[in-house]
>>> print(open('start.cif').read())   # mmCIF, C-alpha atoms
data_my_file
loop_
_atom_site.label_atom_id
_atom_site.label_comp_id
_atom_site.auth_asym_id
_atom_site.auth_seq_id
_atom_site.Cartn_x
_atom_site.Cartn_y
_atom_site.Cartn_z
CA MET A 1 -30.09 24.18 14.90
CA THR A 2 -26.81 22.72 16.12
CA THR A 3 -24.42 24.23 18.66
CA LEU A 4 -20.87 24.77 17.42
CA GLN A 5 -18.49 22.53 19.36
CA LYS A 6 -15.63 24.53 20.84
CA LEU A 7 -12.19 23.10 21.61
CA ARG A 8 -10.14 24.64 24.41
CA HIS A 9 -6.77 25.52 22.87
CA VAL A 10 -3.46 26.53 24.46
CA VAL A 11 -0.10 27.50 22.96
CA VAL A 12 3.31 26.68 24.43
CA GLY A 13 6.04 29.00 23.13
CA VAL A 14 3.83 32.03 22.54
CA GLY A 15 6.88 34.31 22.48
CA ALA A 16 8.22 32.68 19.33
CA ASN A 17 8.56 34.80 16.19
CA ILE A 18 6.41 32.31 14.28
CA PHE A 19 3.47 32.73 16.65
CA PHE A 20 1.80 35.30 14.39
CA LEU A 21 1.16 32.55 11.82
CA HIS A 22 -0.44 30.31 14.44
CA LYS A 23 -2.46 33.23 15.78
CA ALA A 24 -3.83 33.97 12.31
CA ALA A 25 -4.69 30.30 11.76
CA LEU A 26 -6.54 30.03 15.06
CA ALA A 27 -8.50 33.16 14.20
CA GLN A 28 -9.88 31.32 11.15
CA LEU A 29 -11.29 28.50 13.28
CA PRO A 30 -14.68 29.23 14.85
CA GLU A 31 -14.32 25.97 16.80
CA ALA A 32 -11.11 27.15 18.51
CA GLU A 33 -11.24 28.87 21.89
CA LEU A 34 -7.81 30.10 22.96
CA VAL A 35 -7.77 29.81 26.75
CA GLY A 36 -4.10 30.21 27.73
CA VAL A 37 -0.50 30.56 26.61
CA ALA A 38 2.87 29.71 28.08
CA ASP A 39 6.48 30.72 27.53
CA ILE A 40 9.66 30.51 29.61
CA ASN A 41 10.41 34.13 28.65
CA PRO A 42 7.89 36.49 30.30
CA ALA A 43 9.31 39.51 28.47
CA SER A 44 7.97 38.21 25.16
CA GLY A 45 5.19 35.95 26.39
CA GLN A 46 3.35 38.15 28.90
CA PRO A 47 2.58 41.02 26.50
CA ARG A 48 1.18 38.59 23.95
CA ALA A 49 -1.03 36.98 26.59
CA GLU A 50 -2.36 40.41 27.54
CA GLU A 51 -2.98 41.23 23.89
CA LEU A 52 -4.89 37.98 23.48
CA GLY A 53 -6.79 38.41 26.74
CA VAL A 54 -5.81 35.02 28.13
CA PRO A 55 -3.82 33.85 31.17
CA PHE A 56 -0.03 33.64 30.87
CA TYR A 57 2.03 30.81 32.37
CA LEU A 58 5.76 30.38 32.78
CA ASP A 59 5.27 26.65 33.31
CA HIS A 60 3.40 24.67 30.67
CA GLN A 61 2.69 21.84 33.11
CA THR A 62 0.80 24.19 35.43
CA MET A 63 -1.16 25.52 32.47
CA LEU A 64 -2.08 22.02 31.34
CA ALA A 65 -3.19 21.03 34.85
CA GLU A 66 -5.27 24.15 35.45
CA LEU A 67 -6.83 24.73 32.03
CA LYS A 68 -7.24 21.12 30.85
CA PRO A 69 -7.05 22.01 27.13
CA ASP A 70 -8.41 19.93 24.30
CA VAL A 71 -5.63 21.02 21.92
CA THR A 72 -2.06 22.18 22.52
CA SER A 73 0.18 23.88 19.95
CA VAL A 74 3.90 23.44 20.64
CA ILE A 75 6.00 26.10 18.90
CA THR A 76 9.06 26.15 21.15
CA PRO A 77 12.64 25.41 19.94
CA HIS A 78 12.61 21.80 18.83
CA PRO A 79 14.70 20.22 21.63
CA SER A 80 11.70 20.79 23.92
CA HIS A 81 9.04 19.45 21.53
CA ALA A 82 9.06 15.89 22.83
CA PRO A 83 8.79 16.51 26.59
CA ILE A 84 6.14 19.21 26.19
CA ALA A 85 4.08 17.13 23.76
CA ILE A 86 4.25 14.09 26.03
CA ASP A 87 3.12 16.21 29.00
CA ALA A 88 0.19 17.45 26.90
CA PHE A 89 -0.82 13.93 25.84
CA ASN A 90 -0.69 12.76 29.43
CA ALA A 91 -2.92 15.71 30.36
CA GLY A 92 -5.50 14.54 27.81
CA SER A 93 -4.75 17.04 25.03
CA HIS A 94 -4.30 16.59 21.31
CA VAL A 95 -1.04 18.13 20.02
CA LEU A 96 0.02 20.11 16.97
CA VAL A 97 3.80 20.53 16.94
CA GLU A 98 5.95 22.76 14.76
CA LYS A 99 8.52 21.17 12.47
CA PRO A 100 10.69 19.26 13.03
CA ILE A 101 8.71 16.91 15.22
CA ALA A 102 11.71 16.51 17.57
CA VAL A 103 15.52 16.49 17.56
CA HIS A 104 16.13 12.78 17.08
CA VAL A 105 13.90 10.03 15.85
CA GLY A 106 13.86 8.19 19.19
CA GLU A 107 12.06 11.20 20.69
CA ALA A 108 9.53 11.10 17.85
CA ASP A 109 8.92 7.42 18.64
CA GLN A 110 8.16 8.39 22.26
CA MET A 111 5.76 11.13 21.17
CA ILE A 112 3.85 8.78 18.88
CA ALA A 113 3.66 6.16 21.64
CA ALA A 114 2.38 8.73 24.16
CA ALA A 115 -0.30 9.93 21.73
CA GLU A 116 -1.49 6.40 21.10
CA ALA A 117 -1.39 5.45 24.79
CA ASN A 118 -3.64 8.41 25.63
CA ASP A 119 -5.85 8.03 22.54
CA ARG A 120 -4.91 11.52 21.38
CA LEU A 121 -3.95 12.88 17.95
CA LEU A 122 -0.55 14.22 16.95
CA ALA A 123 0.00 16.44 13.92
CA VAL A 124 3.19 18.04 12.58
CA ASN A 125 3.14 21.45 10.93
CA PHE A 126 4.38 20.61 7.43
CA GLN A 127 2.17 23.09 5.59
CA HIS A 128 3.81 22.58 2.19
CA ARG A 129 1.94 19.27 1.91
CA PHE A 130 -1.19 21.37 1.44
CA ARG A 131 0.07 23.30 -1.59
CA PRO A 132 -2.20 22.44 -4.54
CA GLU A 133 0.74 21.82 -6.88
CA VAL A 134 2.33 19.47 -4.35
CA MET A 135 -0.92 17.54 -4.06
CA ALA A 136 -1.11 17.36 -7.86
CA ILE A 137 2.44 15.97 -8.04
CA HIS A 138 1.61 13.47 -5.29
CA LYS A 139 -1.42 12.28 -7.27
CA LEU A 140 0.58 12.06 -10.52
CA LEU A 141 3.33 9.99 -8.92
CA HIS A 142 1.04 7.62 -7.11
CA GLU A 143 -0.97 7.02 -10.27
CA GLY A 144 2.25 6.17 -12.12
CA GLY A 145 2.18 9.25 -14.31
CA LEU A 146 5.98 9.50 -14.46
CA GLY A 147 6.45 5.77 -14.92
CA GLN A 148 9.26 4.13 -12.99
CA ILE A 149 11.13 6.81 -11.04
CA LEU A 150 14.79 7.03 -12.04
CA ARG A 151 16.18 10.19 -10.46
CA VAL A 152 15.34 12.84 -7.87
CA THR A 153 17.36 16.04 -7.54
CA VAL A 154 16.72 18.58 -4.78
CA VAL A 155 18.63 21.88 -4.42
CA GLU A 156 17.60 24.19 -1.60
CA PRO A 157 19.55 27.37 -0.84
CA TRP A 158 18.29 28.89 2.42
CA HIS A 159 20.58 31.93 2.63
CA ARG A 160 21.09 33.31 6.14
CA THR A 161 23.32 36.11 7.43
CA ALA A 162 25.53 36.20 10.49
CA ILE A 163 23.03 38.26 12.46
CA TYR A 164 20.42 35.53 12.03
CA PHE A 165 22.50 33.26 14.22
CA ARG A 166 23.62 36.00 16.63
CA ASN A 167 20.03 37.01 17.34
CA ALA A 168 19.17 33.56 18.72
CA GLY A 169 22.02 31.83 20.51
CA TRP A 170 20.37 28.41 20.31
CA ARG A 171 20.57 28.38 16.52
CA GLY A 172 23.39 26.42 14.94
CA THR A 173 24.25 24.57 18.15
CA TRP A 174 24.07 20.88 18.95
CA ARG A 175 22.29 21.49 22.26
CA GLY A 176 19.97 24.19 20.93
CA GLU A 177 18.94 22.56 17.63
CA GLY A 178 20.54 19.15 17.35
CA GLY A 179 21.92 20.17 13.96
CA GLY A 180 22.11 23.13 11.60
CA VAL A 181 20.48 23.53 8.20
CA LEU A 182 19.15 19.96 8.38
CA MET A 183 17.18 20.67 11.55
CA ASN A 184 16.02 24.21 10.90
CA GLN A 185 15.65 25.14 7.24
CA ALA A 186 15.71 21.77 5.46
CA PRO A 187 12.81 19.88 7.14
CA HIS A 188 10.18 21.17 4.68
CA GLY A 189 12.19 20.03 1.65
CA ILE A 190 13.08 16.72 3.25
CA ASP A 191 9.44 16.17 4.16
CA LEU A 192 8.40 16.71 0.54
CA ILE A 193 10.93 14.08 -0.55
CA CYS A 194 9.37 11.60 1.87
CA PHE A 195 5.78 12.66 1.09
CA LEU A 196 6.18 12.38 -2.67
CA LEU A 197 8.62 9.48 -3.00
CA GLY A 198 8.63 7.59 0.27
CA MET A 199 11.52 6.87 2.60
CA PRO A 200 14.82 5.94 0.92
CA ARG A 201 16.41 2.66 1.91
CA ARG A 202 20.01 3.90 1.94
CA VAL A 203 21.63 7.30 2.63
CA SER A 204 25.15 8.61 2.17
CA ALA A 205 25.79 12.22 3.17
CA TRP A 206 28.47 14.82 3.75
CA THR A 207 27.87 17.80 6.03
CA ARG A 208 30.16 20.82 6.18
CA THR A 209 30.42 24.10 8.04
CA VAL A 210 31.39 26.21 5.05
CA HIS A 211 31.24 29.75 6.37
CA HIS A 212 28.93 30.48 9.30
CA ALA A 213 30.43 30.75 12.79
CA ILE A 214 28.28 27.93 14.19
CA GLU A 215 28.88 24.51 15.74
CA THR A 216 26.72 22.62 13.28
CA GLU A 217 26.51 22.18 9.52
CA ASP A 218 25.58 25.01 7.17
CA ALA A 219 25.70 22.80 4.06
CA ILE A 220 24.73 19.22 3.27
CA THR A 221 25.06 17.00 0.20
CA ALA A 222 23.43 13.58 0.26
CA MET A 223 22.89 10.63 -2.05
CA LEU A 224 19.71 8.60 -1.65
CA GLU A 225 18.63 5.19 -2.94
CA TRP A 226 15.07 3.86 -2.94
CA GLU A 227 13.87 0.29 -2.83
CA GLY A 228 12.72 0.42 -6.45
CA GLY A 229 16.13 1.53 -7.67
CA ALA A 230 15.56 5.28 -7.94
CA LEU A 231 18.54 7.45 -7.05
CA GLY A 232 18.55 10.94 -5.59
CA THR A 233 20.84 13.81 -4.74
CA VAL A 234 20.14 16.53 -2.17
CA TYR A 235 21.99 19.79 -1.59
CA MET A 236 20.91 22.27 1.10
CA SER A 237 22.77 25.27 2.46
CA THR A 238 22.39 28.47 4.48
CA VAL A 239 25.42 29.96 2.69
CA GLU A 240 24.26 29.78 -0.92
CA ALA A 241 21.54 32.03 -2.38
CA GLY A 242 19.19 31.14 -5.22
CA GLU A 243 15.94 29.38 -6.06
CA ARG A 244 14.90 26.22 -4.30
CA ARG A 245 13.91 23.47 -6.71
CA MET A 246 13.10 19.78 -7.10
CA GLU A 247 13.31 17.64 -10.24
CA ILE A 248 11.81 14.18 -10.55
CA THR A 249 12.52 12.08 -13.63
CA GLY A 250 10.84 8.80 -14.50
CA THR A 251 10.63 6.61 -17.56
CA ALA A 252 7.47 8.43 -18.68
CA GLY A 253 8.52 12.03 -18.12
CA THR A 254 10.20 14.75 -16.06
CA LEU A 255 8.72 17.19 -13.60
CA ARG A 256 10.45 20.29 -12.22
CA LEU A 257 9.05 22.18 -9.22
CA GLY A 258 10.48 25.62 -8.47
CA GLU A 259 9.43 28.22 -5.95
CA SER A 260 7.00 29.82 -8.39
CA THR A 261 7.05 27.54 -11.43
CA ILE A 262 6.23 23.98 -12.38
CA THR A 263 7.26 22.25 -15.63
CA TYR A 264 6.03 18.85 -16.78
CA GLU A 265 7.23 16.97 -19.88
CA ARG A 266 6.15 13.53 -21.07
CA TYR A 267 8.34 11.12 -23.01
CA GLU A 268 6.77 9.51 -26.04
CA PRO A 269 7.25 6.61 -25.94
CA ASP A 270 8.31 5.56 -22.44
CA LEU A 271 12.11 5.52 -22.06
CA PHE A 272 12.33 1.77 -21.52
CA GLU A 273 10.12 1.11 -24.54
CA HIS A 274 12.17 3.52 -26.65
CA ILE A 275 15.43 1.88 -25.58
CA ALA A 276 14.11 -1.54 -26.57
CA THR A 277 12.50 -0.61 -29.89
CA SER A 278 14.28 2.40 -31.41
CA GLN A 279 16.43 1.71 -34.47
CA ASN A 280 18.45 4.89 -33.87
CA PRO A 281 21.47 4.14 -31.65
CA PHE A 282 21.58 7.73 -30.42
CA GLY A 283 17.93 8.74 -30.68
CA SER A 284 15.90 10.12 -27.81
CA PRO A 285 12.15 9.87 -27.38
CA ALA A 286 10.01 12.91 -28.09
CA ARG A 287 9.64 15.31 -25.18
CA VAL A 288 6.10 16.66 -25.10
CA ALA A 289 5.07 19.59 -22.91
CA ALA A 290 2.22 18.53 -20.66
CA THR A 291 -0.09 20.24 -18.21
CA LEU A 292 -0.38 19.09 -14.63
CA ALA A 293 -3.95 19.30 -13.38
CA ILE A 294 -3.80 21.46 -10.25
CA ASP A 295 -6.90 21.72 -8.09
CA PRO A 296 -6.89 25.16 -6.42
CA GLN A 297 -9.10 23.66 -3.74
CA GLY A 298 -6.18 21.55 -2.61
CA GLY A 299 -6.66 21.92 1.11
CA PRO A 300 -8.68 19.83 3.53
CA SER A 301 -12.47 19.97 3.35
CA GLY A 302 -12.29 21.83 0.04
CA GLN A 303 -10.45 24.80 1.57
CA ALA A 304 -8.09 26.58 -0.81
CA ALA A 305 -4.59 26.11 0.56
CA ALA A 306 -2.83 28.49 -1.81
CA ASP A 307 -3.81 30.90 -4.56
CA SER A 308 -1.21 29.92 -7.16
CA VAL A 309 1.82 27.81 -7.93
CA GLY A 310 4.57 28.84 -5.54
CA ALA A 311 2.27 30.33 -2.92
CA VAL A 312 3.08 28.88 0.48
CA ALA A 313 0.15 27.02 1.95
CA GLY A 314 -0.70 28.65 5.24
CA HIS A 315 -0.87 27.35 8.74
CA ASP A 316 -4.64 27.78 8.46
CA ALA A 317 -4.77 24.69 6.22
CA VAL A 318 -2.87 22.66 8.79
CA TYR A 319 -5.11 23.82 11.64
CA ARG A 320 -8.31 23.26 9.66
CA ASN A 321 -7.20 19.73 8.84
CA PHE A 322 -6.27 19.01 12.47
CA TYR A 323 -9.57 20.30 13.83
CA ASP A 324 -11.46 18.30 11.21
CA ALA A 325 -9.54 15.22 12.36
CA ILE A 326 -10.39 15.83 16.02
CA LEU A 327 -14.04 16.74 15.50
CA HIS A 328 -15.00 14.68 12.45
CA GLY A 329 -12.42 11.91 12.09
CA ALA A 330 -10.79 13.30 8.93
CA PRO A 331 -7.36 11.87 8.03
CA ILE A 332 -4.45 14.04 9.17
CA ARG A 333 -2.34 15.17 6.23
CA CYS A 334 0.83 14.90 8.34
CA ASP A 335 0.38 12.92 11.54
CA GLY A 336 3.15 11.87 13.92
CA ARG A 337 4.21 8.86 11.87
CA GLN A 338 4.34 10.90 8.67
CA GLY A 339 6.11 13.76 10.44
CA ARG A 340 8.72 11.36 11.77
CA TYR A 341 9.97 10.50 8.27
CA ALA A 342 11.65 13.87 7.65
CA LEU A 343 13.37 13.78 11.03
CA GLU A 344 14.60 10.22 10.52
CA LEU A 345 16.02 11.10 7.11
CA ALA A 346 17.72 14.25 8.46
CA ASN A 347 19.17 12.22 11.34
CA ALA A 348 20.40 9.61 8.86
CA MET A 349 22.21 12.28 6.83
CA LEU A 350 23.97 13.58 9.94
CA TYR A 351 24.78 10.05 11.08
CA SER A 352 26.24 9.12 7.68
CA SER A 353 28.46 12.18 7.62
CA GLN A 354 29.65 11.82 11.19
CA THR A 355 30.42 8.10 10.79
CA ASN A 356 31.71 8.46 7.20
CA ALA A 357 29.57 5.51 6.11
CA PRO A 358 26.31 4.79 4.30
CA VAL A 359 23.27 4.40 6.52
CA GLU A 360 20.65 1.71 5.99
CA MET A 361 17.09 2.63 6.91
CA PRO A 362 15.43 2.43 9.36
CA LEU A 363 17.95 4.43 11.33
CA ASP A 364 19.71 2.89 14.32
CA ARG A 365 17.99 4.83 17.11
CA GLU A 366 20.42 4.01 19.88
CA GLY A 367 23.46 4.67 17.70
CA TYR A 368 22.20 8.07 16.63
CA ALA A 369 21.17 9.10 20.15
CA ALA A 370 24.66 8.21 21.40
CA LEU A 371 26.27 10.23 18.59
CA LEU A 372 24.09 13.26 19.31
CA THR A 373 24.92 13.11 23.01
CA LYS A 374 28.62 13.02 22.13
CA LEU A 375 28.26 16.06 19.86
CA GLN A 376 26.33 17.97 22.51
CA ASN A 377 28.94 17.30 25.17
CA ARG A 378 32.14 17.92 23.23
#
>>> encode(input="start.cif", output="structure tokens")
Amino acid sequence: MTTLQKLRHVVVGVGANIFFLHKAALAQLPEAELVGVADINPASGQPRAEELGVPFYLDHQTMLAELKPDVTSVITPHPSHAPIAIDAFNAGSHVLVEKPIAVHVGEADQMIAAAEANDRLLAVNFQHRFRPEVMAIHKLLHEGGLGQILRVTVVEPWHRTAIYFRNAGWRGTWRGEGGGVLMNQAPHGIDLICFLLGMPRRVSAWTRTVHHAIETEDAITAMLEWEGGALGTVYMSTVEAGERRMEITGTAGTLRLGESTITYERYEPDLFEHIATSQNPFGSPARVAATLAIDPQGGPSGQAAADSVGAVAGHDAVYRNFYDAILHGAPIRCDGRQGRYALELANAMLYSSQTNAPVEMPLDREGYAALLTKLQNR
């Protein structure tokens, strides 16, 4: 018989609304032993600590020093992600951080460096990477199933009301979030762009504050260009309502991913072949409905991440993957370097809009940090 290895786990930001998802995920891990929680707000944090039966700390550094955890979850507002994560790495802990990884990409660089310097692991909570249909699309694209990618279109309405911003004064501020829709609602969609298609080489974007009474943007339109010539458009907003969707078109077919639907059509023959060989000046290739093979066991270690197309993969898949990485050396589905992509692209969109110029990737770290400081101090 073997003894189950337990990892001492702490949470920073236990008072956050999203904590219930992390709590449920930890409950699914027999290897996890929650030993302490911290929050700067005792009114929300202390009752949760009592409910959990663990010590409560106002200061995460004291908690790290006294409890010496193996794993730290950081679920605070994102401007504090980098300093807390770096403190945890320096205390010898692995770190799972909520999205986005940080506020600007230079901070993400520092987090990755601190993890590597301390030989610790860093994971970012992008749970949509674990959705079976997303994994199926990833496999299709990387096997060339859509041929040469021509176009990517992403539309993401994330409707929010005025009270959403009034209930948390840090939302929609440069100091509190470092941006608006791009830093709060959009990271999951931006991460899927990077996960499925890789980082664009050039970005042009326009941010606007259309309606909400906030400092930052509530709408963004961007144009993307990839190294291979593919072009993309992105629209995200907290003003508009509707279904979030992504469409990817290549020379061999088109794939549309909605919130609860997925459509896949193949071109017969390939567009480039049809263009070269068809004798009809106006003819199009046949569009054939196809089925995308979706493995319901799409999560790590064979764990089902979602029950159906459109079901949101849970935090449990992220936690299971991270614990498997720590204990058994499994690859992390979204480590620090992967998690940095979405932040860098969001930063590039803001930088392009603020400077009214296209942005070449990788993003100018110093230039963006200076811009953000200016926005925070105006």
>>> resolve_selection(input="start.cif", expression="the PyMOL selection byres ((chain A and resi 250) around 8)", output="PyMOL selection string")
chain A and resi 146-151+248-249+251-254
>>> write_last_selection(input="start.cif", atoms="C-alpha atoms", output="PDB file, in the frame of the given file")
ATOM      1  CA  LEU A 146       5.980   9.500 -14.460  1.00  0.00           C
ATOM      2  CA  GLY A 147       6.450   5.770 -14.920  1.00  0.00           C
ATOM      3  CA  GLN A 148       9.260   4.130 -12.990  1.00  0.00           C
ATOM      4  CA  ILE A 149      11.130   6.810 -11.040  1.00  0.00           C
ATOM      5  CA  LEU A 150      14.790   7.030 -12.040  1.00  0.00           C
ATOM      6  CA  ARG A 151      16.180  10.190 -10.460  1.00  0.00           C
ATOM      7  CA  ILE A 248      11.810  14.180 -10.550  1.00  0.00           C
ATOM      8  CA  THR A 249      12.520  12.080 -13.630  1.00  0.00           C
ATOM      9  CA  THR A 251      10.630   6.610 -17.560  1.00  0.00           C
ATOM     10  CA  ALA A 252       7.470   8.430 -18.680  1.00  0.00           C
ATOM     11  CA  GLY A 253       8.520  12.030 -18.120  1.00  0.00           C
ATOM     12  CA  THR A 254      10.200  14.750 -16.060  1.00  0.00           C
TER      13      THR A 254
END
>>> resolve_selection(input="start.cif", expression="the PyMOL selection byres ((chain A and resi 376) around 8)", output="PDB file with C-alpha atoms, keeping the file's coordinate frame")
ATOM      1  CA  TRP A 174      24.070  20.880  18.950  1.00  0.00           C
ATOM      2  CA  ARG A 175      22.290  21.490  22.260  1.00  0.00           C
ATOM      3  CA  GLY A 178      20.540  19.150  17.350  1.00  0.00           C
ATOM      4  CA  LEU A 372      24.090  13.260  19.310  1.00  0.00           C
ATOM      5  CA  THR A 373      24.920  13.110  23.010  1.00  0.00           C
ATOM      6  CA  LYS A 374      28.620  13.020  22.130  1.00  0.00           C
ATOM      7  CA  LEU A 375      28.260  16.060  19.860  1.00  0.00           C
ATOM      8  CA  ASN A 377      28.940  17.300  25.170  1.00  0.00           C
ATOM      9  CA  ARG A 378      32.140  17.920  23.230  1.00  0.00           C
TER      10      ARG A 378
END
>>> closest_residue(input="start.cif", among="A:Val181, A:Ala65, A:Ala230, A:Ala162", to="A:Leu350", atoms="all atoms listed in the file")
A:Val181
>>> atom_distance(input="start.cif", atom1="atom CA of A:Ala85", atom2="atom CA of A:Phe322")
15.4 Å
>>> resolve_selection(input="start.cif", expression="the PyMOL selection byres ((chain A and resi 81) around 9)", output="tab-separated table (two decimals) with C-alpha atoms, keeping the file's coordinate frame")
chain	number	residue	atom	x	y	z
A	74	VAL	CA	3.90	23.44	20.64
A	75	ILE	CA	6.00	26.10	18.90
A	76	THR	CA	9.06	26.15	21.15
A	77	PRO	CA	12.64	25.41	19.94
A	78	HIS	CA	12.61	21.80	18.83
A	79	PRO	CA	14.70	20.22	21.63
A	80	SER	CA	11.70	20.79	23.92
A	82	ALA	CA	9.06	15.89	22.83
A	83	PRO	CA	8.79	16.51	26.59
A	84	ILE	CA	6.14	19.21	26.19
A	85	ALA	CA	4.08	17.13	23.76
A	86	ILE	CA	4.25	14.09	26.03
A	97	VAL	CA	3.80	20.53	16.94
A	98	GLU	CA	5.95	22.76	14.76
A	100	PRO	CA	10.69	19.26	13.03
A	101	ILE	CA	8.71	16.91	15.22
A	102	ALA	CA	11.71	16.51	17.57
A	103	VAL	CA	15.52	16.49	17.56
A	107	GLU	CA	12.06	11.20	20.69
A	111	MET	CA	5.76	11.13	21.17
>>> residues_around(input="start.cif", residues="stretch 281-291 of chain A", least_positions_apart="5", cutoff="7 Å", atoms="only C-alpha atoms", output="MDAnalysis selection string")
chainID A and resid 264:269 271 274
>>> atom_distance(input="start.cif", atom1="atom CA of A:Val11", atom2="atom CA of A:Gln28")
15.8 Å
>>> residues_around(input="start.cif", residues="A:Gly92", least_positions_apart="2", cutoff="9 Å", atoms="all atoms listed in the file", output="JSON, numbers by chain")
{"A": [64, 68, 69, 70, 71, 87, 88, 89, 90, 94, 118, 119, 120]}
>>> write_last_selection(input="start.cif", atoms="C-alpha atoms", output="mmCIF file, keeping the file's coordinate frame")
data_model
loop_
_atom_site.group_PDB
_atom_site.id
_atom_site.type_symbol
_atom_site.label_atom_id
_atom_site.label_comp_id
_atom_site.auth_asym_id
_atom_site.auth_seq_id
_atom_site.Cartn_x
_atom_site.Cartn_y
_atom_site.Cartn_z
ATOM 1 C CA LEU A 64 -2.080 22.020 31.340
ATOM 2 C CA LYS A 68 -7.240 21.120 30.850
ATOM 3 C CA PRO A 69 -7.050 22.010 27.130
ATOM 4 C CA ASP A 70 -8.410 19.930 24.300
ATOM 5 C CA VAL A 71 -5.630 21.020 21.920
ATOM 6 C CA ASP A 87 3.120 16.210 29.000
ATOM 7 C CA ALA A 88 0.190 17.450 26.900
ATOM 8 C CA PHE A 89 -0.820 13.930 25.840
ATOM 9 C CA ASN A 90 -0.690 12.760 29.430
ATOM 10 C CA HIS A 94 -4.300 16.590 21.310
ATOM 11 C CA ASN A 118 -3.640 8.410 25.630
ATOM 12 C CA ASP A 119 -5.850 8.030 22.540
ATOM 13 C CA ARG A 120 -4.910 11.520 21.380
#
>>> atom_distance(input="start.cif", atom1="atom CA of A:Met63", atom2="atom CA of A:Ala16")
17.7 Å
>>> axis_aligned_box(input="start.cif", around="stretch 188-201 of chain A", padding_each_side="5 Å", output="lines of an AutoDock Vina configuration file")
center_x = 11.1
center_y = 11.9
center_z = 0.8
size_x = 20.6
size_y = 28.5
size_z = 17.7
